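In what follows, a structure is listed as structure tokens, so that the remarks can point back to it.
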Amino acid sequence: MSEQRQTPILQARGLVKRFGRVTALDDADFDLYPGEVLAVIGDNGAGKSTLIKALSGALDVSAGEIRLEGKPIRFSNPMEAREAGIETVYQNLAVCPALNIADNLFLGREIRRKGLLGKVFRMLDQQAMQQKARQKLTELGLLTIQNINQAVETLSGGQRQGVAVARAAAFGSRVVIMDEPTAALGVKESGRVLNLIRDVRDRGLPVVLISHNMPHVFEVADRIHIHRLGKRVAVIKPQTHSMSDAVAIMTGAMNPEKHPAGAYCTPA
Amino acid sequence: MTELMEVKIAIDEKIAVFDQPTSLVRRVHHFLHGQPTAAPLAVLLLAIIVFSIAVGDRFLHPFNLSLVLQQVTIIGILGIAQTLIILTAGIDLSVGAIMVLSSVVMGRLAVGHGLYPPLAFFLGLVVGAGAGAANGVLITRFKLPPFIATLGSWSIFWALNLWYSGSETIRSQDLNASAPFLKWTGNSLDFLGARLTLGSILMMVIFAVIWYSLNRTAWGRHVYATGDDPEAAELVGIATGRILLSVYILAGMICAIGAWVLIGRLGSITPIAGETANLDSITAVVIGGTSLFGGRGSIFGTLIGALIVGVFRNGLALSGVDVLWQEFTVGWLIIVAVAIDQWIRKVGS
């Protein structure tokens, strides 16, 4: 209960988004507290990707308010969200396969050389970028050192995921959002990525995890936000609810407010 | 629940073990993947060795080698423009037409209208940039496939070129009289029996500048990223439309510089020059190991690709082989180069 009294680092109230006649977000709320892994689950079409896109700046909502550390904010594109410290690891990873690991980590925010070389000749500081990339990957236990100039396409699925997560962790100063990070991975690699999610949290960055995989969600999440019909219907803890409870709430078979263990359930 | 347990077991392991490839084939595969210019460079060296054995001193003579360089200068310059575009997963069929159109504009303005020749050159450069910008707008704003957009603009630029020139050649003596500046690139430096034209030196300078831009600036990284995976590039905040537009404009300007070199090489200005230049430039890029699928390749590969074609043509000609067999050989080189690229790109799987 204690974290409930803290200020949420990222908060949304009454988000509404309509696509024509379809209401994807219908008065949706969202709370992410410091130092936690919050899983967001929901059936297909429940509106969880729309929620995540609204939080990461990929789309603008029709109504509602988003607050970052208590201050109201509005993003018109993902770059603005990123500048505010919210990094997103997309399902397709957004890495360029032919470029190497260091290039990918700094793509779009390269470091230039100081002085004339950087200002007039726009020269990149490749040493600084490689060094920082190496440092970040080492911190996350992702690196055997010689390989920073290896093309991303020569890596396995889990390693690519690692590069995308490292990029988010390197630049995200407030929140990291991960969209289905284990969807394309085998069992072993999924385990490594879950471990990585914990590492990121333990290093002080709260993580929003969108996933369809109930075992993974229950394995790594501190709290679970359940989305249904465009709004948050409940927030549960893995300790108090079972996977079948979560599925029941998700599909509407169980009403969270009437459930005896519903201490963490928030009214919709 | 077994899945959950396996997850717990796996978590104890280190997340990434970057294996080094073991078998010889895999090692070659990885080497070529990391060094896309290695294969064309090996072919070039091999060709030089074979021809120096088969033809002898006539081939290796400095004058002959510098002749090869002169012969590939125009294609080399257009190849630079073409490389930039192919790196973005595009293609430009109009590079030859832009070059000839620019040369005609330079010539008509300087000789016909008596404009100050450097100003005429500058306006030719503007025309090249404008032609590139037109291609870029068709591709970025109207979302036309580059192949179709430049197939169309090729015809349009070609027709404009015939119209503006009145299908007339500007003779060498007229250029000498009123605009020797336009022929400046045809001057040469002689040393140790070799003859290096200023046009060839200019080509080297452009190669160096574009190499620097592609490999040492953020713009260059963004060009590669745009060609490699445009969606990923957009997601990390690269304005891919602007990158594409800048590439087409720059390519147009390089073609206009090619026009200046063309005038120096021919000594005159003719609207029917360089008809096959667009396809030859694509040949140089492909043989140089740049992938037609974008995002992969190097600018010096193109120089090597152009030199390979030049060396084969020159060597076969000196061996007394019929011209048709030169074409036959170049055709095979293209096919082998693309086959190697297909193989290299499979490295991840």
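Residue numbers start at 1 in each chain; chains themselves are named A, B, ... in the order of the structure tokens; ligands are numbered from 1 in the order shown.
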
Skip A:Ala94 itself and residues of its chain fewer than 6 positions away, then list as an mmCIF file with C-alpha atoms, in the first residue's frame all residues within 9 Å of it, counting only C-alpha atoms.
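Output (part_3.cif):
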```cif
data_model
loop_
_atom_site.group_PDB
_atom_site.id
_atom_site.type_symbol
_atom_site.label_atom_id
_atom_site.label_comp_id
_atom_site.auth_asym_id
_atom_site.auth_seq_id
_atom_site.Cartn_x
_atom_site.Cartn_y
_atom_site.Cartn_z
ATOM 1 C CA ALA A 164 16.768 -1.731 -27.854
ATOM 2 C CA ASP B 229 14.703 0.532 -42.165
ATOM 3 C CA GLU B 231 10.115 2.875 -40.055
ATOM 4 C CA ALA B 232 12.778 2.381 -37.404
ATOM 5 C CA ALA B 233 14.460 5.591 -38.549
ATOM 6 C CA GLU B 234 11.183 7.503 -38.164
ATOM 7 C CA LEU B 235 10.626 6.039 -34.710
ATOM 8 C CA VAL B 236 14.002 7.244 -33.451
#
```

Which residues are near stretch 206-214 of chain A? Cut-off 6 Å, only C-alpha atoms, ignore same chain within fewer than 2 positions. Put them as a PDB file with N, CA and C atoms, in the first residue's frame.
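Contents of out.pdb, freshly written:
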```
ATOM      1  N   PRO A  34       7.078   5.344  -8.863  1.00  0.00           N
ATOM      2  CA  PRO A  34       8.541   5.169  -8.952  1.00  0.00           C
ATOM      3  C   PRO A  34       8.956   3.761  -8.520  1.00  0.00           C
ATOM      4  N   GLY A  35       9.928   3.234  -9.204  1.00  0.00           N
ATOM      5  CA  GLY A  35      10.551   1.986  -8.785  1.00  0.00           C
ATOM      6  C   GLY A  35       9.734   0.734  -8.991  1.00  0.00           C
ATOM      7  N   GLU A  36       8.743   0.765  -9.872  1.00  0.00           N
ATOM      8  CA  GLU A  36       7.949  -0.445 -10.063  1.00  0.00           C
ATOM      9  C   GLU A  36       7.939  -0.896 -11.524  1.00  0.00           C
ATOM     10  N   VAL A  37       7.599  -2.182 -11.688  1.00  0.00           N
ATOM     11  CA  VAL A  37       7.265  -2.683 -13.012  1.00  0.00           C
ATOM     12  C   VAL A  37       5.751  -2.812 -13.047  1.00  0.00           C
ATOM     13  N   LEU A  38       5.120  -2.012 -13.893  1.00  0.00           N
ATOM     14  CA  LEU A  38       3.669  -2.071 -14.026  1.00  0.00           C
ATOM     15  C   LEU A  38       3.337  -2.765 -15.336  1.00  0.00           C
ATOM     16  N   ALA A  39       2.660  -3.909 -15.243  1.00  0.00           N
ATOM     17  CA  ALA A  39       2.248  -4.590 -16.468  1.00  0.00           C
ATOM     18  C   ALA A  39       0.896  -4.049 -16.893  1.00  0.00           C
ATOM     19  N   VAL A  40       0.701  -3.901 -18.190  1.00  0.00           N
ATOM     20  CA  VAL A  40      -0.605  -3.509 -18.719  1.00  0.00           C
ATOM     21  C   VAL A  40      -1.098  -4.679 -19.551  1.00  0.00           C
ATOM     22  N   VAL A 175      10.922   7.171 -17.434  1.00  0.00           N
ATOM     23  CA  VAL A 175      10.048   6.015 -17.646  1.00  0.00           C
ATOM     24  C   VAL A 175      10.536   5.229 -18.854  1.00  0.00           C
ATOM     25  N   VAL A 176      10.479   3.890 -18.758  1.00  0.00           N
ATOM     26  CA  VAL A 176      10.714   3.066 -19.934  1.00  0.00           C
ATOM     27  C   VAL A 176       9.446   2.265 -20.216  1.00  0.00           C
ATOM     28  N   ILE A 177       8.950   2.379 -21.444  1.00  0.00           N
ATOM     29  CA  ILE A 177       7.763   1.629 -21.856  1.00  0.00           C
ATOM     30  C   ILE A 177       8.214   0.508 -22.787  1.00  0.00           C
ATOM     31  N   MET A 178       7.793  -0.720 -22.516  1.00  0.00           N
ATOM     32  CA  MET A 178       8.175  -1.837 -23.382  1.00  0.00           C
ATOM     33  C   MET A 178       6.941  -2.526 -23.921  1.00  0.00           C
ATOM     34  N   ASP A 179       6.842  -2.568 -25.256  1.00  0.00           N
ATOM     35  CA  ASP A 179       5.675  -3.133 -25.910  1.00  0.00           C
ATOM     36  C   ASP A 179       5.978  -4.569 -26.338  1.00  0.00           C
ATOM     37  N   GLU A 180       5.364  -5.528 -25.696  1.00  0.00           N
ATOM     38  CA  GLU A 180       5.515  -6.950 -26.046  1.00  0.00           C
ATOM     39  C   GLU A 180       6.977  -7.356 -26.235  1.00  0.00           C
ATOM     40  N   ARG A 201      14.502  -1.731 -13.683  1.00  0.00           N
ATOM     41  CA  ARG A 201      13.758  -1.233 -12.529  1.00  0.00           C
ATOM     42  C   ARG A 201      14.690  -1.015 -11.323  1.00  0.00           C
ATOM     43  N   HIS A 216       4.770 -14.452 -17.968  1.00  0.00           N
ATOM     44  CA  HIS A 216       5.796 -13.414 -17.939  1.00  0.00           C
ATOM     45  C   HIS A 216       5.354 -12.239 -17.084  1.00  0.00           C
ATOM     46  N   VAL A 217       4.087 -11.842 -17.250  1.00  0.00           N
ATOM     47  CA  VAL A 217       3.560 -10.721 -16.484  1.00  0.00           C
ATOM     48  C   VAL A 217       3.622 -11.023 -14.995  1.00  0.00           C
TER      49      VAL A 217
END
```

Kindly assemble as a tab-separated table a list of the chain A residues that lie within 8 Å of chain B, each paired with its nearest atom pair and their distance in Å to one decimal, using only C-alpha atoms, sorted first by chain and then by ascending residue number.
```
residue	atom	partner	partner_atom	distance
A:Pro78	CA	B:Leu235	CA	7.5
A:Met79	CA	B:Gly237	CA	6.0
A:Leu93	CA	B:Ala232	CA	7.5
A:Ala94	CA	B:Ala232	CA	3.9
A:Val95	CA	B:Ala232	CA	5.7
A:Cys96	CA	B:Asp229	CA	5.6
A:Pro97	CA	B:Asp228	CA	7.0
A:Ala98	CA	B:Asp228	CA	6.5
A:Leu99	CA	B:Ala225	CA	7.3
A:Asp103	CA	B:Arg221	CA	7.6
A:Leu107	CA	B:Val236	CA	6.7
A:Gly108	CA	B:Ile238	CA	5.8
A:Glu110	CA	B:Ala218	CA	6.3
A:Arg122	CA	B:Thr217	CA	5.7
A:Met123	CA	B:Thr217	CA	5.2
A:Leu124	CA	B:Thr217	CA	5.3
A:Gly141	CA	B:Ile15	CA	6.6
A:Leu142	CA	B:Ala16	CA	5.3
A:Leu143	CA	B:Ala16	CA	6.5
A:Thr144	CA	B:Phe18	CA	6.7
A:Asn147	CA	B:Phe18	CA	7.6
A:Gln150	CA	B:Gly34	CA	7.8
A:Ala151	CA	B:Gly34	CA	7.7
A:Glu153	CA	B:Gly348	CA	5.0
A:Thr154	CA	B:Gly348	CA	4.2
A:Leu155	CA	B:Gly348	CA	6.6
A:Ser156	CA	B:Gly348	CA	7.6
A:Gly158	CA	B:Ala16	CA	7.9
A:Gln159	CA	B:Ala16	CA	6.0
A:Val187	CA	B:Val7	CA	6.4
A:Lys188	CA	B:Ala10	CA	5.4
A:Glu189	CA	B:Ala10	CA	7.8
A:Ser190	CA	B:Val7	CA	7.1
A:Gly191	CA	B:Val7	CA	4.7
A:Arg192	CA	B:Ile15	CA	5.2
A:Val193	CA	B:Ile15	CA	7.6
A:Leu194	CA	B:Ile11	CA	7.8
A:Asn195	CA	B:Ile11	CA	6.0
A:Leu196	CA	B:Ile15	CA	7.9
A:Pro215	CA	B:Leu4	CA	5.9
A:His216	CA	B:Leu4	CA	7.4
A:Glu219	CA	B:Leu4	CA	7.6
```

Quiz prompt | Test item: residues at most 9 Å from stretch 100-102 of chain A, only C-alpha atoms, excluding those fewer than 6 positions along its chain, as number ranges by chain | solution = A: 126, 129-134, 147-153, 160, 163

Would you output that residue set with N, CA and C atoms, as a PDB file, in the first residue's frame?
```pdb
ATOM      1  N   GLN A 126      32.977   9.601 -32.587  1.00  0.00           N
ATOM      2  CA  GLN A 126      32.716   8.165 -32.578  1.00  0.00           C
ATOM      3  C   GLN A 126      33.273   7.487 -31.344  1.00  0.00           C
ATOM      4  N   MET A 129      30.900   7.977 -28.444  1.00  0.00           N
ATOM      5  CA  MET A 129      29.680   7.188 -28.595  1.00  0.00           C
ATOM      6  C   MET A 129      29.947   5.707 -28.344  1.00  0.00           C
ATOM      7  N   GLN A 130      31.083   5.221 -28.882  1.00  0.00           N
ATOM      8  CA  GLN A 130      31.399   3.807 -28.669  1.00  0.00           C
ATOM      9  C   GLN A 130      31.665   3.523 -27.199  1.00  0.00           C
ATOM     10  N   GLN A 131      32.337   4.477 -26.558  1.00  0.00           N
ATOM     11  CA  GLN A 131      32.665   4.279 -25.156  1.00  0.00           C
ATOM     12  C   GLN A 131      31.401   4.236 -24.307  1.00  0.00           C
ATOM     13  N   LYS A 132      30.483   5.181 -24.577  1.00  0.00           N
ATOM     14  CA  LYS A 132      29.238   5.211 -23.806  1.00  0.00           C
ATOM     15  C   LYS A 132      28.389   3.986 -24.085  1.00  0.00           C
ATOM     16  N   ALA A 133      28.370   3.564 -25.356  1.00  0.00           N
ATOM     17  CA  ALA A 133      27.588   2.378 -25.712  1.00  0.00           C
ATOM     18  C   ALA A 133      28.123   1.164 -24.959  1.00  0.00           C
ATOM     19  N   ARG A 134      29.448   1.063 -24.949  1.00  0.00           N
ATOM     20  CA  ARG A 134      30.082  -0.067 -24.271  1.00  0.00           C
ATOM     21  C   ARG A 134      29.752  -0.047 -22.782  1.00  0.00           C
ATOM     22  N   ASN A 147      32.595  -6.370 -29.339  1.00  0.00           N
ATOM     23  CA  ASN A 147      31.575  -6.452 -30.366  1.00  0.00           C
ATOM     24  C   ASN A 147      30.711  -5.226 -30.589  1.00  0.00           C
ATOM     25  N   ILE A 148      31.146  -4.099 -30.107  1.00  0.00           N
ATOM     26  CA  ILE A 148      30.319  -2.908 -30.188  1.00  0.00           C
ATOM     27  C   ILE A 148      30.097  -2.462 -31.640  1.00  0.00           C
ATOM     28  N   ASN A 149      31.019  -2.879 -32.553  1.00  0.00           N
ATOM     29  CA  ASN A 149      30.873  -2.488 -33.955  1.00  0.00           C
ATOM     30  C   ASN A 149      30.257  -3.583 -34.824  1.00  0.00           C
ATOM     31  N   GLN A 150      29.599  -4.498 -34.156  1.00  0.00           N
ATOM     32  CA  GLN A 150      28.948  -5.598 -34.869  1.00  0.00           C
ATOM     33  C   GLN A 150      27.579  -5.126 -35.366  1.00  0.00           C
ATOM     34  N   ALA A 151      27.214  -5.497 -36.615  1.00  0.00           N
ATOM     35  CA  ALA A 151      25.898  -5.103 -37.130  1.00  0.00           C
ATOM     36  C   ALA A 151      24.807  -5.789 -36.315  1.00  0.00           C
ATOM     37  N   VAL A 152      23.729  -5.071 -36.079  1.00  0.00           N
ATOM     38  CA  VAL A 152      22.659  -5.599 -35.236  1.00  0.00           C
ATOM     39  C   VAL A 152      22.031  -6.860 -35.837  1.00  0.00           C
ATOM     40  N   GLU A 153      22.042  -6.961 -37.167  1.00  0.00           N
ATOM     41  CA  GLU A 153      21.413  -8.125 -37.786  1.00  0.00           C
ATOM     42  C   GLU A 153      22.171  -9.431 -37.536  1.00  0.00           C
ATOM     43  N   ARG A 160      19.074  -8.471 -29.867  1.00  0.00           N
ATOM     44  CA  ARG A 160      18.542  -7.241 -30.456  1.00  0.00           C
ATOM     45  C   ARG A 160      17.637  -6.526 -29.469  1.00  0.00           C
ATOM     46  N   VAL A 163      19.702  -4.663 -27.156  1.00  0.00           N
ATOM     47  CA  VAL A 163      20.192  -3.384 -27.677  1.00  0.00           C
ATOM     48  C   VAL A 163      19.104  -2.316 -27.557  1.00  0.00           C
TER      49      VAL A 163
END
```

Exercise. Do a neighbour search on A:Pro8 at 6 Å with only C-alpha atoms, toss out local chain neighbours closer than 4 positions, and write the hits as a ChimeraX atom specification.
Key: /A:31-33

Go ahead and write the residues just picked, C-alpha atoms, as a PDB file, in the first residue's frame.
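Written output follows (out_38.pdb):
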```
ATOM      1  CA  ASP A  31      -0.823   5.380 -12.684  1.00  0.00           C
ATOM      2  CA  LEU A  32       2.860   4.440 -12.668  1.00  0.00           C
ATOM      3  CA  TYR A  33       4.775   4.769  -9.399  1.00  0.00           C
TER       4      TYR A  33
END
```

Self-check item: Close residues, A:Leu229 itself excluded, 10 Å, only C-alpha atoms, min 5 positions apart in chain, as a list in words
Solution: Thr23, Ala24, Leu25, Asp26, Ala28, Gly42, Asp43, Asn44, Gly45, Ala46, Gly47, Lys48, Met250, Thr251 and Gly252 of chain A

Restricting the output to C-alpha atoms, write the selected residues as a tab-separated table (two decimals), in the first residue's frame.
```
chain	number	residue	atom	x	y	z
A	23	THR	CA	-13.96	4.56	-28.97
A	24	ALA	CA	-10.51	3.16	-28.24
A	25	LEU	CA	-10.05	4.99	-24.94
A	26	ASP	CA	-13.16	5.64	-22.90
A	28	ALA	CA	-9.17	5.71	-19.10
A	42	GLY	CA	-6.01	-6.56	-21.81
A	43	ASP	CA	-7.75	-8.47	-24.54
A	44	ASN	CA	-7.15	-7.64	-28.20
A	45	GLY	CA	-8.94	-4.40	-28.96
A	46	ALA	CA	-9.23	-3.40	-25.30
A	47	GLY	CA	-7.33	-0.21	-26.12
A	48	LYS	CA	-4.04	-0.90	-24.43
A	250	MET	CA	-9.80	-9.09	-18.49
A	251	THR	CA	-12.61	-10.91	-20.25
A	252	GLY	CA	-15.37	-9.59	-18.01
```

Exercise. Would you mind writing down, as a ChimeraX atom specification, each residue of stretch 61-178 of chain B that DSSP on the backbone assigns to helix (DSSP H, G or I)?
Key: /B:62-87,95-112,117-140,146-165,172-178

Quiz item: Can you list, as a ChimeraX atom specification, every protein, DNA or RNA residue that comes within 7 Å of stretch 39-54 of chain B when you count only C-alpha atoms, leaving out same-chain residues fewer than 5 positions away?
Solution: /B:59-60,287-289,301,304-305,308,315

Expected file contents, prior selection, N, CA and C atoms, as a compact mmCIF listing (two decimals), in the first residue's frame:
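The new file selection_22.txt reads:
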```txt
# COMPACT_ATOMS: atom_id res chain seq x y z
N PHE B 59 49.72 -3.04 -70.60
CA PHE B 59 48.63 -2.82 -69.66
C PHE B 59 49.11 -2.05 -68.44
N LEU B 60 50.27 -2.43 -67.91
CA LEU B 60 50.75 -1.86 -66.66
C LEU B 60 51.40 -0.49 -66.83
N ILE B 287 28.42 -3.45 -58.78
CA ILE B 287 29.66 -4.22 -58.76
C ILE B 287 30.51 -3.82 -57.55
N GLY B 288 30.35 -2.56 -57.11
CA GLY B 288 31.09 -2.09 -55.95
C GLY B 288 30.56 -2.59 -54.63
N GLY B 289 29.52 -3.44 -54.67
CA GLY B 289 29.07 -4.11 -53.46
C GLY B 289 27.99 -3.37 -52.68
N GLY B 301 33.43 1.55 -52.58
CA GLY B 301 33.04 0.40 -53.38
C GLY B 301 32.69 0.81 -54.80
N ILE B 304 35.73 1.48 -56.81
CA ILE B 304 36.32 0.20 -57.20
C ILE B 304 35.47 -0.45 -58.29
N GLY B 305 34.15 -0.37 -58.14
CA GLY B 305 33.26 -0.94 -59.15
C GLY B 305 33.49 -0.31 -60.51
N ILE B 308 36.78 -1.54 -61.85
CA ILE B 308 36.70 -2.92 -62.34
C ILE B 308 36.20 -2.94 -63.78
N GLY B 315 41.59 -3.97 -70.50
CA GLY B 315 42.41 -5.17 -70.61
C GLY B 315 41.95 -6.07 -71.75
```

Self-check item: All strand (DSSP E) positions in stretch 158-216 of chain B, as a PyMOL selection string
Solution: chain B and resi 188-191+194-197

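Taking atom CA of B:Gly186 and atom CA of B:Leu101 as endpoints, the distance between them is 19.1 Å.
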
Exercise. Give me the residues within 9 Å of B:Val68 as number ranges by chain, counting only C-alpha atoms and dropping any in the same chain fewer than 3 places off.
Key: B: 63-65, 71-73, 307, 310-311, 313-314

Exercise. Using only C-alpha atoms, find the one residue out of B:Leu93, B:Ala194, B:Ala273, B:Val336 that sits nearest to B:Phe147.
Key: B:Leu93

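Rounded to one decimal, atom CA of B:Gln326 and atom CA of B:Ala89 lie 28.8 Å from each other.
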